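Trainee: Before anything else, here's the structure in question.
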Amino acid sequence: MWVIKGLRKGIITTKYPDEKPTKDEVPEIGVPVHRHGDIKAARGVCPTDAISEALDFYKCIFCQRCEDYGFEMTGNVEIAEVNRKLPFSGSVHIFLVDAGSCNACNRELDMLTNPYYDLHRLGFFFTPTPRHADIMFVIGKVTDRMVEPMLKAYEAMPEPKIVVAAGSCATSGGIFGNEGVDRYINVDAKISGCPPSPIGLLYGLLKTYRRR
C-alpha cells in the first residue's frame, strides 16, 4: 500500500525556507513563553537553570515543568544565534562530531538527508573527514574522552571554519551542567532544542552562510 501511495504522490519535498514551515513540520513543543504566573516558582522547578528574568533558549530542554507556573509551550523552533558566518554562499561541507549525545540529535540530523527535507538541495553535504569540512557540527555533552578528538578535528579543518553547537547539551551542558562546547573551543553558532527539530537545524545552518 505504501509503495503504491508513494508512486502516486511522488517525492514531496518541503518548500522551507522559501515558505514558512507548515503545521506538520513544527512540533507542538517548542520554546516556552511566559504568559503569567510566578517566575520565581518556575525557576525552582527548572532542571537546567534556564529561567531567570528571561528564558535562556540554549539551556531549555523543553521538559514542560514550567507550564504549571505560567509558561506556555510554543511551536517556535527557529532559534539560533550566529556570531560569525562563512564568507561564501556556495556548497558547504559539514563534519559531524558526536561528543556524547543520547542519540536524539542524531535522529533529527538523519532526517535532513531524507527526500522530504533534502539537505543537499540547499547546498549542504556531510563529509567523513574534517579536512574537507567548512562547518564542524557538534552535538551532545562533551565527554572527557571526546575533547582531544574534537580539537584535533578542528585543527585539521581548512580556513575559514565554523563551529556550530546544536542542542542543549552542546550549547550549555543541558542537564549535565553549565559547560557547553564553548568551554573547549570557540563556538560561532548555537542552535536551540532538546533535540533541535529538522526545521530548527536547517534554520541554524542557513544562518551560518545566508541571510535568514
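In the C-alpha cells, the first chain shown is A, the next is B, and so on; residue numbers restart at 1 for each chain, and ligands run from 1 in the order shown.
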Neighbouring residues of Asp188 (chain A) were defined as those with any atom within 9 Å, considering only C-alpha atoms; residues of the same chain fewer than 5 positions away were excluded. Please report them as a ChimeraX atom specification.
Mentor: /A:81-85,162-165,208
Trainee: Within region 24-106 of chain A, find each residue whose DSSP state, derived from the backbone, is alpha helix (DSSP H), and express the selection as a list in words.
Mentor: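 After running DSSP on the backbone, region 24-106 of chain A has alpha helix (DSSP H) at Ile39, Lys40, Ala41, Ala42, Arg43, Gly44, Val45, Ala104, Cys105 and Asn106 of chain A.
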Trainee: Mind pulling up the distance from CA of Pro17 (chain A) to CA of Asn106 (chain A)?
Mentor: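 Straight-line distance from CA of Asn106 (chain A) to CA of Pro17 (chain A) works out to 21.6 Å.
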Trainee: For region 25-32 of chain A, list every protein, DNA or RNA residue within 9 Å, evaluated using only C-alpha atoms, and leave out those in the same chain fewer than 4 positions away; present the list as a short mmCIF file (atom, residue, chain, number, x, y, z; two decimals) with N, CA and C atoms, in the first residue's frame.
Mentor:
```cif
data_model
loop_
_atom_site.label_atom_id
_atom_site.label_comp_id
_atom_site.auth_asym_id
_atom_site.auth_seq_id
_atom_site.Cartn_x
_atom_site.Cartn_y
_atom_site.Cartn_z
N THR A 14 9.84 19.48 1.29
CA THR A 14 9.40 20.71 1.94
C THR A 14 9.82 21.94 1.14
N PRO A 21 7.47 27.21 7.62
CA PRO A 21 7.22 25.80 7.91
C PRO A 21 5.73 25.53 8.10
N LEU A 55 14.18 33.82 29.55
CA LEU A 55 14.46 32.42 29.32
C LEU A 55 15.73 32.27 28.48
N PHE A 57 17.26 30.27 25.93
CA PHE A 57 16.83 29.28 24.95
C PHE A 57 17.82 28.12 24.81
N CYS A 60 17.28 25.55 27.83
CA CYS A 60 15.96 24.94 27.93
C CYS A 60 15.96 23.55 27.27
N ILE A 61 15.39 22.54 27.98
CA ILE A 61 15.29 21.19 27.42
C ILE A 61 13.84 20.81 27.12
N PHE A 62 12.94 21.81 27.15
CA PHE A 62 11.53 21.61 26.80
C PHE A 62 10.86 20.53 27.67
N GLN A 64 8.75 20.97 30.03
CA GLN A 64 7.38 21.42 30.28
C GLN A 64 7.04 21.59 31.77
N CYS A 66 7.67 24.03 33.59
CA CYS A 66 7.29 25.42 33.86
C CYS A 66 5.86 25.74 33.44
N GLU A 67 5.20 24.80 32.75
CA GLU A 67 3.83 25.05 32.30
C GLU A 67 2.87 25.32 33.45
N PHE A 71 4.02 29.39 32.10
CA PHE A 71 4.69 29.31 30.81
C PHE A 71 3.85 28.50 29.83
N GLU A 72 3.93 28.87 28.58
CA GLU A 72 3.18 28.18 27.53
C GLU A 72 4.14 27.68 26.46
N MET A 73 4.04 26.39 26.13
CA MET A 73 4.90 25.82 25.10
C MET A 73 4.42 26.30 23.74
N THR A 74 5.35 26.75 22.91
CA THR A 74 5.00 27.27 21.59
C THR A 74 5.53 26.33 20.50
N GLY A 75 5.20 26.63 19.28
CA GLY A 75 5.71 25.85 18.15
C GLY A 75 6.93 26.49 17.52
N ASN A 76 7.53 27.47 18.19
CA ASN A 76 8.68 28.17 17.62
C ASN A 76 9.95 27.34 17.77
N VAL A 77 10.49 26.87 16.67
CA VAL A 77 11.73 26.08 16.71
C VAL A 77 12.87 26.78 15.98
N ILE A 79 15.22 28.99 16.45
CA ILE A 79 16.00 29.73 17.42
C ILE A 79 17.47 29.40 17.22
N SER A 192 19.17 26.11 19.23
CA SER A 192 18.40 25.69 20.41
C SER A 192 17.61 24.43 20.13
N GLY A 193 17.36 23.67 21.21
CA GLY A 193 16.49 22.50 21.07
C GLY A 193 16.97 21.33 21.90
N SER A 197 14.65 20.36 16.15
CA SER A 197 13.87 19.73 15.09
C SER A 197 14.60 19.90 13.76
N PRO A 198 14.25 19.12 12.73
CA PRO A 198 14.88 19.32 11.42
C PRO A 198 14.76 20.75 10.91
N ILE A 199 13.60 21.39 11.12
CA ILE A 199 13.45 22.78 10.68
C ILE A 199 14.37 23.69 11.48
N GLY A 200 14.49 23.44 12.78
CA GLY A 200 15.40 24.24 13.60
C GLY A 200 16.85 24.08 13.17
#
```
Trainee: How many Å separate CA of Ala50 (chain A) from CA of Ile139 (chain A)?
Mentor: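 Computing it gives 18.9 Å between the two atoms.
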Trainee: Given only C-alpha atoms as the basis, pick out the residue of A:Ile185, A:Asp49, A:Asp24, A:Ser172 nearest to Gly140 (chain A).
Mentor: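 Among A:Ile185, A:Asp49, A:Asp24, A:Ser172, it is A:Ser172 that comes nearest to Gly140 (chain A).
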Trainee: Fewer than 4 positions away in the same chain doesn't count, so skip those; otherwise give me all residues within 8 Å of Ala170 (chain A), counting only C-alpha atoms, as a PyMOL selection string.
Mentor: chain A and resi 138-142+165-166+174+180-181
Trainee: Between A:Gly44, A:Pro130, A:Gly10, A:Pro160, which residue has the minimum interatomic distance to Phe88 (chain A), considering only C-alpha atoms?
Mentor: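 Of all the options, A:Pro160 lies closest to Phe88 (chain A).
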